[in-house]
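Asker: Supplied structure: upload_7.pdb, PDB, C-alpha atoms.
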```pdb
MODEL        1
ATOM      1  CA  MET A   1      -8.207  -9.308  17.152
ATOM      2  CA  LEU A   2      -5.188 -10.444  15.131
ATOM      3  CA  PHE A   3      -2.888  -7.481  15.836
ATOM      4  CA  ARG A   4      -2.391  -5.002  18.676
ATOM      5  CA  ASP A   5      -1.614  -2.127  16.327
ATOM      6  CA  ARG A   6       0.153  -1.366  13.047
ATOM      7  CA  ARG A   7       3.583  -1.725  14.610
ATOM      8  CA  ASP A   8       2.754  -5.211  15.864
ATOM      9  CA  ALA A   9       1.363  -6.126  12.445
ATOM     10  CA  GLY A  10       4.484  -4.840  10.705
ATOM     11  CA  HIS A  11       6.774  -6.792  12.994
ATOM     12  CA  LYS A  12       4.892 -10.029  12.283
ATOM     13  CA  LEU A  13       4.730  -9.316   8.560
ATOM     14  CA  ALA A  14       8.484  -8.723   8.440
ATOM     15  CA  TRP A  15       9.206 -12.265   9.620
ATOM     16  CA  ALA A  16       7.160 -13.614   6.714
ATOM     17  CA  LEU A  17       9.378 -11.549   4.398
ATOM     18  CA  ASN A  18      12.649 -12.597   6.006
ATOM     19  CA  HIS A  19      13.878 -14.152   2.750
ATOM     20  CA  TYR A  20      14.443 -10.582   1.511
ATOM     21  CA  ALA A  21      16.625  -9.585   4.470
ATOM     22  CA  GLY A  22      20.195  -8.490   3.802
ATOM     23  CA  ARG A  23      19.740  -7.906   0.076
ATOM     24  CA  ASN A  24      20.948  -4.654  -1.473
ATOM     25  CA  ASP A  25      18.329  -4.618  -4.219
ATOM     26  CA  VAL A  26      15.247  -4.385  -1.980
ATOM     27  CA  LEU A  27      13.069  -1.295  -1.463
ATOM     28  CA  VAL A  28      10.108  -1.190   0.932
ATOM     29  CA  LEU A  29       7.234   1.128   0.027
ATOM     30  CA  GLY A  30       4.373   1.992   2.376
ATOM     31  CA  LEU A  31       0.967   3.026   1.061
ATOM     32  CA  PRO A  32      -0.038   6.189   2.945
ATOM     33  CA  ARG A  33      -1.234   6.696   5.335
ATOM     34  CA  GLY A  34      -1.920   3.535   7.338
ATOM     35  CA  GLY A  35       0.514   1.305   5.477
ATOM     36  CA  VAL A  36       3.544   3.430   6.338
ATOM     37  CA  PRO A  37       3.910   2.498  10.039
ATOM     38  CA  VAL A  38       3.543  -1.158   9.047
ATOM     39  CA  ALA A  39       6.164  -0.704   6.331
ATOM     40  CA  LEU A  40       8.542   0.976   8.791
ATOM     41  CA  GLU A  41       8.744  -2.207  10.867
ATOM     42  CA  VAL A  42       9.251  -4.299   7.734
ATOM     43  CA  ALA A  43      12.050  -2.026   6.488
ATOM     44  CA  ARG A  44      13.769  -2.037   9.876
ATOM     45  CA  LEU A  45      13.814  -5.808  10.265
ATOM     46  CA  LEU A  46      14.857  -6.393   6.647
ATOM     47  CA  ARG A  47      17.368  -3.525   6.909
ATOM     48  CA  ALA A  48      16.049  -2.074   3.668
ATOM     49  CA  PRO A  49      15.320   1.533   2.682
ATOM     50  CA  LEU A  50      11.783   2.869   3.132
ATOM     51  CA  ASP A  51       9.791   5.257   0.964
ATOM     52  CA  VAL A  52       6.140   5.919   0.168
ATOM     53  CA  LEU A  53       4.034   5.348  -2.923
ATOM     54  CA  VAL A  54       0.937   7.524  -2.926
ATOM     55  CA  VAL A  55      -2.261   5.793  -4.041
ATOM     56  CA  ARG A  56      -5.788   7.216  -4.028
ATOM     57  CA  LYS A  57      -9.057   5.321  -4.111
ATOM     58  CA  LEU A  58     -11.611   6.367  -6.727
ATOM     59  CA  GLY A  59     -14.905   6.310  -4.848
ATOM     60  CA  VAL A  60     -18.301   5.841  -6.474
ATOM     61  CA  PRO A  61     -20.033   9.258  -6.659
ATOM     62  CA  GLY A  62     -22.485   9.477  -3.771
ATOM     63  CA  HIS A  63     -20.995   6.371  -2.168
ATOM     64  CA  GLU A  64     -17.367   7.438  -1.858
ATOM     65  CA  GLU A  65     -16.478   4.671   0.595
ATOM     66  CA  LEU A  66     -17.075   2.142  -2.229
ATOM     67  CA  ALA A  67     -14.021   1.865  -4.497
ATOM     68  CA  MET A  68     -14.647   1.715  -8.228
ATOM     69  CA  GLY A  69     -10.908   1.954  -8.847
ATOM     70  CA  ALA A  70      -7.673   3.591  -7.760
ATOM     71  CA  ILE A  71      -4.798   5.687  -9.086
ATOM     72  CA  ALA A  72      -1.116   5.724  -8.109
ATOM     73  CA  SER A  73       1.907   7.959  -8.505
ATOM     74  CA  GLY A  74       3.176   7.640 -12.054
ATOM     75  CA  GLY A  75      -0.301   7.718 -13.585
ATOM     76  CA  ALA A  76      -1.356   4.084 -13.164
ATOM     77  CA  ARG A  77      -5.111   3.521 -12.909
ATOM     78  CA  VAL A  78      -6.993   0.330 -12.043
ATOM     79  CA  MET A  79     -10.774   0.162 -12.429
ATOM     80  CA  ASN A  80     -13.408  -2.305 -11.251
ATOM     81  CA  ASP A  81     -15.125  -2.453 -14.624
ATOM     82  CA  ALA A  82     -17.847  -4.829 -13.435
ATOM     83  CA  LEU A  83     -18.840  -2.462 -10.619
ATOM     84  CA  VAL A  84     -18.768   0.548 -12.933
ATOM     85  CA  ARG A  85     -21.122  -1.222 -15.367
ATOM     86  CA  GLN A  86     -23.377  -2.479 -12.578
ATOM     87  CA  LEU A  87     -23.814   1.010 -11.101
ATOM     88  CA  GLY A  88     -23.921   2.790 -14.458
ATOM     89  CA  VAL A  89     -21.160   5.252 -13.578
ATOM     90  CA  SER A  90     -20.537   7.507 -16.566
ATOM     91  CA  GLU A  91     -17.123   8.135 -18.089
ATOM     92  CA  ALA A  92     -17.512  11.825 -17.265
ATOM     93  CA  SER A  93     -18.083  10.997 -13.593
ATOM     94  CA  ILE A  94     -15.052   8.711 -13.552
ATOM     95  CA  GLU A  95     -12.859  11.411 -15.050
ATOM     96  CA  HIS A  96     -14.146  13.991 -12.557
ATOM     97  CA  VAL A  97     -13.356  11.738  -9.594
ATOM     98  CA  ALA A  98      -9.959  10.863 -11.084
ATOM     99  CA  ARG A  99      -9.113  14.553 -11.532
ATOM    100  CA  VAL A 100     -10.051  15.454  -7.949
ATOM    101  CA  GLU A 101      -8.187  12.493  -6.503
ATOM    102  CA  GLY A 102      -5.225  13.193  -8.767
ATOM    103  CA  GLU A 103      -4.913  16.663  -7.272
ATOM    104  CA  GLU A 104      -5.007  15.200  -3.756
ATOM    105  CA  LEU A 105      -2.431  12.580  -4.771
ATOM    106  CA  THR A 106      -0.068  15.330  -5.911
ATOM    107  CA  ARG A 107      -0.594  17.269  -2.671
ATOM    108  CA  ARG A 108       0.122  14.232  -0.523
ATOM    109  CA  GLU A 109       3.179  13.266  -2.507
ATOM    110  CA  ARG A 110       4.654  16.715  -1.891
ATOM    111  CA  ALA A 111       3.649  16.612   1.786
ATOM    112  CA  PHE A 112       5.142  13.170   2.405
ATOM    113  CA  ARG A 113       8.203  13.117   0.171
ATOM    114  CA  GLY A 114       9.214  16.789   0.281
ATOM    115  CA  THR A 115      12.531  17.247  -1.501
ATOM    116  CA  ARG A 116      13.230  13.550  -1.937
ATOM    117  CA  PRO A 117      14.131  12.666  -5.529
ATOM    118  CA  PRO A 118      11.508  10.841  -7.618
ATOM    119  CA  LEU A 119      11.162   7.149  -6.915
ATOM    120  CA  ASP A 120      13.517   5.016  -8.992
ATOM    121  CA  VAL A 121      12.499   1.363  -8.777
ATOM    122  CA  ALA A 122      14.117   0.103 -11.982
ATOM    123  CA  GLY A 123      15.705  -3.297 -11.429
ATOM    124  CA  LEU A 124      14.714  -3.482  -7.751
ATOM    125  CA  ALA A 125      12.687  -5.967  -5.739
ATOM    126  CA  VAL A 126       9.954  -3.731  -4.355
ATOM    127  CA  ILE A 127       7.861  -4.745  -1.343
ATOM    128  CA  VAL A 128       4.638  -2.733  -1.220
ATOM    129  CA  VAL A 129       3.061  -2.698   2.227
ATOM    130  CA  ASP A 130      -0.392  -1.693   3.446
ATOM    131  CA  ASP A 131      -2.139  -2.267   6.778
ATOM    132  CA  GLY A 132      -4.741  -4.482   5.109
ATOM    133  CA  ILE A 133      -6.747  -5.028   1.945
ATOM    134  CA  ALA A 134     -10.495  -4.997   1.520
ATOM    135  CA  THR A 135     -11.116  -4.661  -2.240
ATOM    136  CA  GLY A 136      -7.514  -4.581  -3.437
ATOM    137  CA  ALA A 137      -7.973  -1.616  -5.793
ATOM    138  CA  THR A 138      -5.283   0.573  -4.235
ATOM    139  CA  MET A 139      -2.716  -2.211  -4.000
ATOM    140  CA  ARG A 140      -3.399  -3.323  -7.563
ATOM    141  CA  SER A 141      -2.846   0.209  -8.863
ATOM    142  CA  ALA A 142       0.417   0.350  -6.898
ATOM    143  CA  VAL A 143       1.578  -2.910  -8.453
ATOM    144  CA  THR A 144       0.649  -1.680 -11.939
ATOM    145  CA  SER A 145       2.552   1.566 -11.396
ATOM    146  CA  LEU A 146       5.695  -0.176 -10.158
ATOM    147  CA  LYS A 147       5.762  -2.695 -12.984
ATOM    148  CA  ALA A 148       5.398   0.127 -15.505
ATOM    149  CA  ALA A 149       8.339   1.881 -13.813
ATOM    150  CA  GLY A 150      10.588  -1.129 -14.346
ATOM    151  CA  ALA A 151      10.654  -2.877 -10.968
ATOM    152  CA  ALA A 152      12.251  -6.299 -11.333
ATOM    153  CA  ASN A 153       9.981  -7.927  -8.758
ATOM    154  CA  VAL A 154       6.875  -6.540  -7.036
ATOM    155  CA  VAL A 155       5.723  -8.067  -3.757
ATOM    156  CA  ALA A 156       2.337  -7.104  -2.279
ATOM    157  CA  ALA A 157       2.595  -7.544   1.491
ATOM    158  CA  VAL A 158      -0.177  -7.069   4.061
ATOM    159  CA  PRO A 159      -1.008  -8.413   7.514
ATOM    160  CA  VAL A 160      -4.652  -9.154   6.688
ATOM    161  CA  ALA A 161      -6.879  -9.159   3.614
ATOM    162  CA  ALA A 162     -10.107 -10.368   2.096
ATOM    163  CA  GLU A 163      -9.542 -13.680   0.319
ATOM    164  CA  ASP A 164     -11.073 -12.445  -2.957
ATOM    165  CA  ALA A 165      -8.713  -9.474  -3.017
ATOM    166  CA  VAL A 166      -5.689 -11.719  -2.507
ATOM    167  CA  HIS A 167      -6.846 -13.918  -5.386
ATOM    168  CA  LEU A 168      -6.982 -10.899  -7.716
ATOM    169  CA  LEU A 169      -3.576  -9.694  -6.575
ATOM    170  CA  ARG A 170      -1.900 -13.026  -7.245
ATOM    171  CA  ALA A 171      -2.634 -12.529 -10.955
ATOM    172  CA  GLU A 172      -0.774  -9.184 -10.997
ATOM    173  CA  ALA A 173       1.958  -9.129  -8.327
ATOM    174  CA  ASP A 174       5.012 -11.371  -8.566
ATOM    175  CA  GLU A 175       4.432 -12.450  -4.965
ATOM    176  CA  VAL A 176       1.679 -11.878  -2.411
ATOM    177  CA  VAL A 177       2.471 -12.198   1.289
ATOM    178  CA  CYS A 178      -0.578 -12.082   3.548
ATOM    179  CA  LEU A 179      -0.642 -13.368   7.110
ATOM    180  CA  ALA A 180      -4.397 -13.925   7.373
ATOM    181  CA  THR A 181      -7.540 -13.996   5.231
ATOM    182  CA  PRO A 182     -10.279 -14.281   7.879
ATOM    183  CA  GLU A 183     -13.921 -14.790   6.982
ATOM    184  CA  PRO A 184     -16.231 -13.010   7.097
ATOM    185  CA  PHE A 185     -14.122  -9.980   6.198
ATOM    186  CA  LEU A 186     -16.009  -6.755   6.899
ATOM    187  CA  SER A 187     -13.198  -4.221   7.270
ATOM    188  CA  VAL A 188      -9.459  -3.996   7.874
ATOM    189  CA  GLY A 189      -9.891  -2.207  11.196
ATOM    190  CA  GLN A 190     -11.859  -5.020  12.806
ATOM    191  CA  TRP A 191      -8.679  -7.119  12.988
ATOM    192  CA  TYR A 192      -6.717  -4.523  14.977
ATOM    193  CA  GLU A 193      -7.085  -3.712  18.649
ATOM    194  CA  GLU A 194      -5.892  -0.175  17.934
ATOM    195  CA  PHE A 195      -6.618   1.256  14.472
ATOM    196  CA  GLY A 196      -6.609   5.036  14.722
ATOM    197  CA  GLN A 197      -6.025   7.259  11.713
ATOM    198  CA  THR A 198      -2.414   7.875  10.712
ATOM    199  CA  SER A 199      -1.591  11.559  10.260
ATOM    200  CA  ASP A 200       0.633  13.218   7.662
ATOM    201  CA  ASP A 201       3.083  14.032  10.464
ATOM    202  CA  GLU A 202       3.257  10.354  11.464
ATOM    203  CA  VAL A 203       4.045   9.403   7.862
ATOM    204  CA  ARG A 204       6.891  11.933   7.725
ATOM    205  CA  ALA A 205       8.149  10.785  11.135
ATOM    206  CA  ALA A 206       8.223   7.163   9.940
ATOM    207  CA  LEU A 207      10.286   8.124   6.908
ATOM    208  CA  ARG A 208      12.763   9.940   9.150
ATOM    209  CA  ALA A 209      12.872   7.027  11.599
ATOM    210  CA  ALA A 210      13.713   4.625   8.778
ATOM    211  CA  THR A 211      17.048   6.373   8.279
ATOM    212  CA  GLU A 212      18.040   6.073  11.942
ATOM    213  CA  PRO A 213      20.206   3.115  13.070
ATOM    214  CA  VAL A 214      18.385   0.288  14.826
ATOM    215  CA  PRO A 215      20.273  -1.865  17.355
ATOM    216  CA  ASP A 216      20.602  -5.543  16.576
ATOM    217  CA  GLU A 217      18.020  -7.795  18.225
ATOM    218  CA  ASP A 218      19.236 -10.574  20.457
TER     219      ASP A 218
ENDMDL
END
```
Could you quickly redo this structure as structure tokens?

Answerer:
Amino acid sequence: MLFRDRRDAGHKLAWALNHYAGRNDVLVLGLPRGGVPVALEVARLLRAPLDVLVVRKLGVPGHEELAMGAIASGGARVMNDALVRQLGVSEASIEHVARVEGEELTRRERAFRGTRPPLDVAGLAVIVVDDGIATGATMRSAVTSLKAAGAANVVAAVPVAAEDAVHLLRAEADEVVCLATPEPFLSVGQWYEEFGQTSDDEVRAALRAATEPVPDED
């Protein structure tokens, strides 16, 4: 195991992002659900504001655990065109999956962000955090969305990832910070001692906790 839990992973990731500490143009975004508790630790140690960016995987019909793409708040979509061609997924099927996941994305955004104003990332250095990356589809769609929204600098930050996914991300994000790319990489959860599901309530609690003062560390 590389990390005890998401909090431990976030604390370690924050030290690798320490060059962003103390800046007033930095925003930390967690990818719900599992990326938010990691992002909370990053935001606390960098003393930066925390928010969420909702991203939904587009699963292959009949094999939903396999990502053929992803969508993010703001309408960004990233597709694995090679996989789509290999499996012969029709355009109609893609649009059906995108519509269903788009409805869930809207529901989650309301559930997580409530009455918060829409994200405004124009001119900011945005650090997007997840608990790990397997294929990279969700993170890539997040990066695409933020660049389209005018972010000055987009940093993809994760504790652990598959090496191939990091390689793809480096071509799209302005910076990629990843603590480990172990091989073989079977799943994100295998590198955590504790990797339970994060609930909607835990996401909302993390957002509230981010606004509370944190005592200085010795």

Asker: Choose the residue, out of A:Gly136, A:Asn18, A:Phe185, A:Leu13, that has the smallest atom-to-atom separation from Leu169 of chain A; count all atoms listed in the file.

Answerer: A:Gly136

Asker: Using the chain letters and numbers from the file, which residues does the PyMOL selection byres ((chain A and resi 160-168) around 12) grab, as JSON, numbers by chain?

Answerer: {"A": [1, 2, 3, 6, 9, 10, 12, 13, 35, 38, 80, 129, 130, 131, 132, 133, 134, 135, 136, 137, 138, 139, 140, 141, 143, 156, 157, 158, 159, 169, 170, 171, 172, 173, 175, 176, 177, 178, 179, 180, 181, 182, 183, 184, 185, 186, 187, 188, 189, 190, 191, 192]}

Asker: Check which residues of segment 18-86 of chain A sit at most 7 Å from segment 102-123 of chain A using only C-alpha atoms, and return one row each with the closest pair of atoms and their distance in Å to one decimal, ordered by chain and rising number, as a Markdown table.

Answerer:
```
| residue | atom | partner | partner_atom | distance |
| --- | --- | --- | --- | --- |
| A:Val54 | CA | A:Glu109 | CA | 6.2 |
| A:Val55 | CA | A:Leu105 | CA | 6.8 |
| A:Arg56 | CA | A:Leu105 | CA | 6.4 |
```

Asker: Where does the PyMOL selection byres ((chain A and resi 69) around 6) land in this file, that is, which residues does it pick, as a list in words?

Answerer: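 Taken on the displayed file, the PyMOL selection byres ((chain A and resi 69) around 6) yields the residues Leu58, Ala67, Met68, Ala70, Val78, Met79, Asn80 and Ala137 of chain A.
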
Asker: Tell me, as a list in words, which residues lie within 9 Å of Pro37 of chain A, counting only C-alpha atoms; anything in the same chain fewer than 3 positions away does not count.

Answerer: Arg6, Arg7, Gly10, Gly30, Pro32, Arg33, Gly34, Leu40, Glu41, Val42, Asp130, Asp131, Thr198, Glu202, Val203 and Ala206 of chain A

Asker: Which residue out of A:Ile94, A:Leu146, A:His19, A:Ala152 has the minimum interatomic distance to Glu64 of chain A when all atoms listed in the file are used?

Answerer: A:Ile94

Asker: I'd like the contact shell of Val28 of chain A - 7 Å cut-off, all atoms listed in the file, skipping same-chain residues fewer than 2 positions apart - returned as a VMD selection string.

Answerer: chain A and resid 26 30 39 43 48 to 51 126 to 128

Asker: Hey, which of A:Ser93, A:Asn24, A:Thr144, A:Ser73 ends up closest to Val52 of chain A? Count all atoms listed in the file.

Answerer: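 Closest to Val52 of chain A of all the choices is A:Ser73.
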
Asker: Around all the atoms of segment 131-139 of chain A listed in the file, draw an axis-aligned box and extend it by 8 Å on each of the six sides; I want its centre and edge lengths in Å to one decimal, as lines of an AutoDock Vina configuration file.

Answerer:
```
center_x = -6.6
center_y = -2.2
center_z = 0.5
size_x = 25.0
size_y = 21.6
size_z = 28.6
```

Asker: If I take atom CA of Ala72 of chain A and atom CA of Ser145 of chain A, how far is one from the other in Å, to one decimal?

Answerer: 6.4 Å

Asker: Pick from A:Arg99, A:Glu193, A:Val36, A:His11: nearest to Arg208 of chain A, with all atoms listed in the file counted?

Answerer: A:Val36

Asker: Which is closest to Tyr20 of chain A among A:Gly75, A:Leu66, A:Arg204, A:Arg47, if we use only C-alpha atoms?

Answerer: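 Ranked by minimum distance to Tyr20 of chain A, first place goes to A:Arg47.
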
Asker: Rounded to one decimal in Å, what is the spacing between atom CA of Phe195 of chain A and atom CA of Ala142 of chain A?

Answerer: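 One can read the atom CA of Phe195 of chain A to atom CA of Ala142 of chain A distance as 22.5 Å.
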
Asker: Calculate how many Å separate atom CA of Gly59 of chain A from atom CA of Ser199 of chain A, rounding to one decimal.

Answerer: 20.8 Å

Asker: Reconstruct segment 125-150 of chain A at the level of N, CA and C atoms, and format the result as a short mmCIF file (atom, residue, chain, number, x, y, z; two decimals), in the frame of the given file.

Answerer:
```
data_model
loop_
_atom_site.label_atom_id
_atom_site.label_comp_id
_atom_site.auth_asym_id
_atom_site.auth_seq_id
_atom_site.Cartn_x
_atom_site.Cartn_y
_atom_site.Cartn_z
N ALA A 125 13.77 -5.19 -6.33
CA ALA A 125 12.69 -5.97 -5.74
C ALA A 125 11.94 -5.03 -4.79
N VAL A 126 10.72 -4.73 -5.11
CA VAL A 126 9.95 -3.73 -4.36
C VAL A 126 8.86 -4.43 -3.55
N ILE A 127 8.88 -4.19 -2.24
CA ILE A 127 7.86 -4.74 -1.34
C ILE A 127 6.89 -3.63 -1.00
N VAL A 128 5.66 -3.75 -1.47
CA VAL A 128 4.64 -2.73 -1.22
C VAL A 128 3.79 -3.18 -0.04
N VAL A 129 3.70 -2.32 0.97
CA VAL A 129 3.06 -2.70 2.23
C VAL A 129 1.86 -1.81 2.52
N ASP A 130 0.76 -2.43 2.93
CA ASP A 130 -0.39 -1.69 3.45
C ASP A 130 -0.81 -2.36 4.76
N ASP A 131 -1.71 -1.69 5.50
CA ASP A 131 -2.14 -2.27 6.78
C ASP A 131 -3.21 -3.33 6.60
N GLY A 132 -3.74 -3.47 5.40
CA GLY A 132 -4.74 -4.48 5.11
C GLY A 132 -5.38 -4.19 3.77
N ILE A 133 -6.11 -5.17 3.25
CA ILE A 133 -6.75 -5.03 1.94
C ILE A 133 -8.19 -5.49 2.03
N ALA A 134 -9.08 -4.63 1.61
CA ALA A 134 -10.50 -5.00 1.52
C ALA A 134 -10.86 -5.37 0.08
N THR A 135 -10.79 -4.38 -0.84
CA THR A 135 -11.12 -4.66 -2.24
C THR A 135 -9.88 -4.94 -3.08
N GLY A 136 -8.75 -4.38 -2.69
CA GLY A 136 -7.51 -4.58 -3.44
C GLY A 136 -7.24 -3.55 -4.51
N ALA A 137 -8.14 -2.58 -4.70
CA ALA A 137 -7.97 -1.62 -5.79
C ALA A 137 -6.71 -0.78 -5.63
N THR A 138 -6.45 -0.28 -4.42
CA THR A 138 -5.28 0.57 -4.24
C THR A 138 -3.99 -0.21 -4.41
N MET A 139 -3.92 -1.40 -3.86
CA MET A 139 -2.72 -2.21 -4.00
C MET A 139 -2.49 -2.61 -5.45
N ARG A 140 -3.55 -2.94 -6.16
CA ARG A 140 -3.40 -3.32 -7.56
C ARG A 140 -2.88 -2.16 -8.40
N SER A 141 -3.35 -0.94 -8.11
CA SER A 141 -2.85 0.21 -8.86
C SER A 141 -1.38 0.47 -8.53
N ALA A 142 -0.99 0.21 -7.28
CA ALA A 142 0.42 0.35 -6.90
C ALA A 142 1.28 -0.64 -7.67
N VAL A 143 0.84 -1.89 -7.73
CA VAL A 143 1.58 -2.91 -8.45
C VAL A 143 1.72 -2.54 -9.93
N THR A 144 0.63 -2.09 -10.53
CA THR A 144 0.65 -1.68 -11.94
C THR A 144 1.65 -0.56 -12.17
N SER A 145 1.64 0.44 -11.28
CA SER A 145 2.55 1.57 -11.40
C SER A 145 4.01 1.13 -11.32
N LEU A 146 4.31 0.25 -10.36
CA LEU A 146 5.70 -0.18 -10.16
C LEU A 146 6.20 -1.04 -11.30
N LYS A 147 5.36 -1.88 -11.84
CA LYS A 147 5.76 -2.70 -12.98
C LYS A 147 6.04 -1.81 -14.20
N ALA A 148 5.19 -0.79 -14.39
CA ALA A 148 5.40 0.13 -15.50
C ALA A 148 6.70 0.91 -15.35
N ALA A 149 7.12 1.12 -14.09
CA ALA A 149 8.34 1.88 -13.81
C ALA A 149 9.59 1.01 -13.86
N GLY A 150 9.44 -0.27 -14.14
CA GLY A 150 10.59 -1.13 -14.35
C GLY A 150 11.08 -1.92 -13.16
#
```
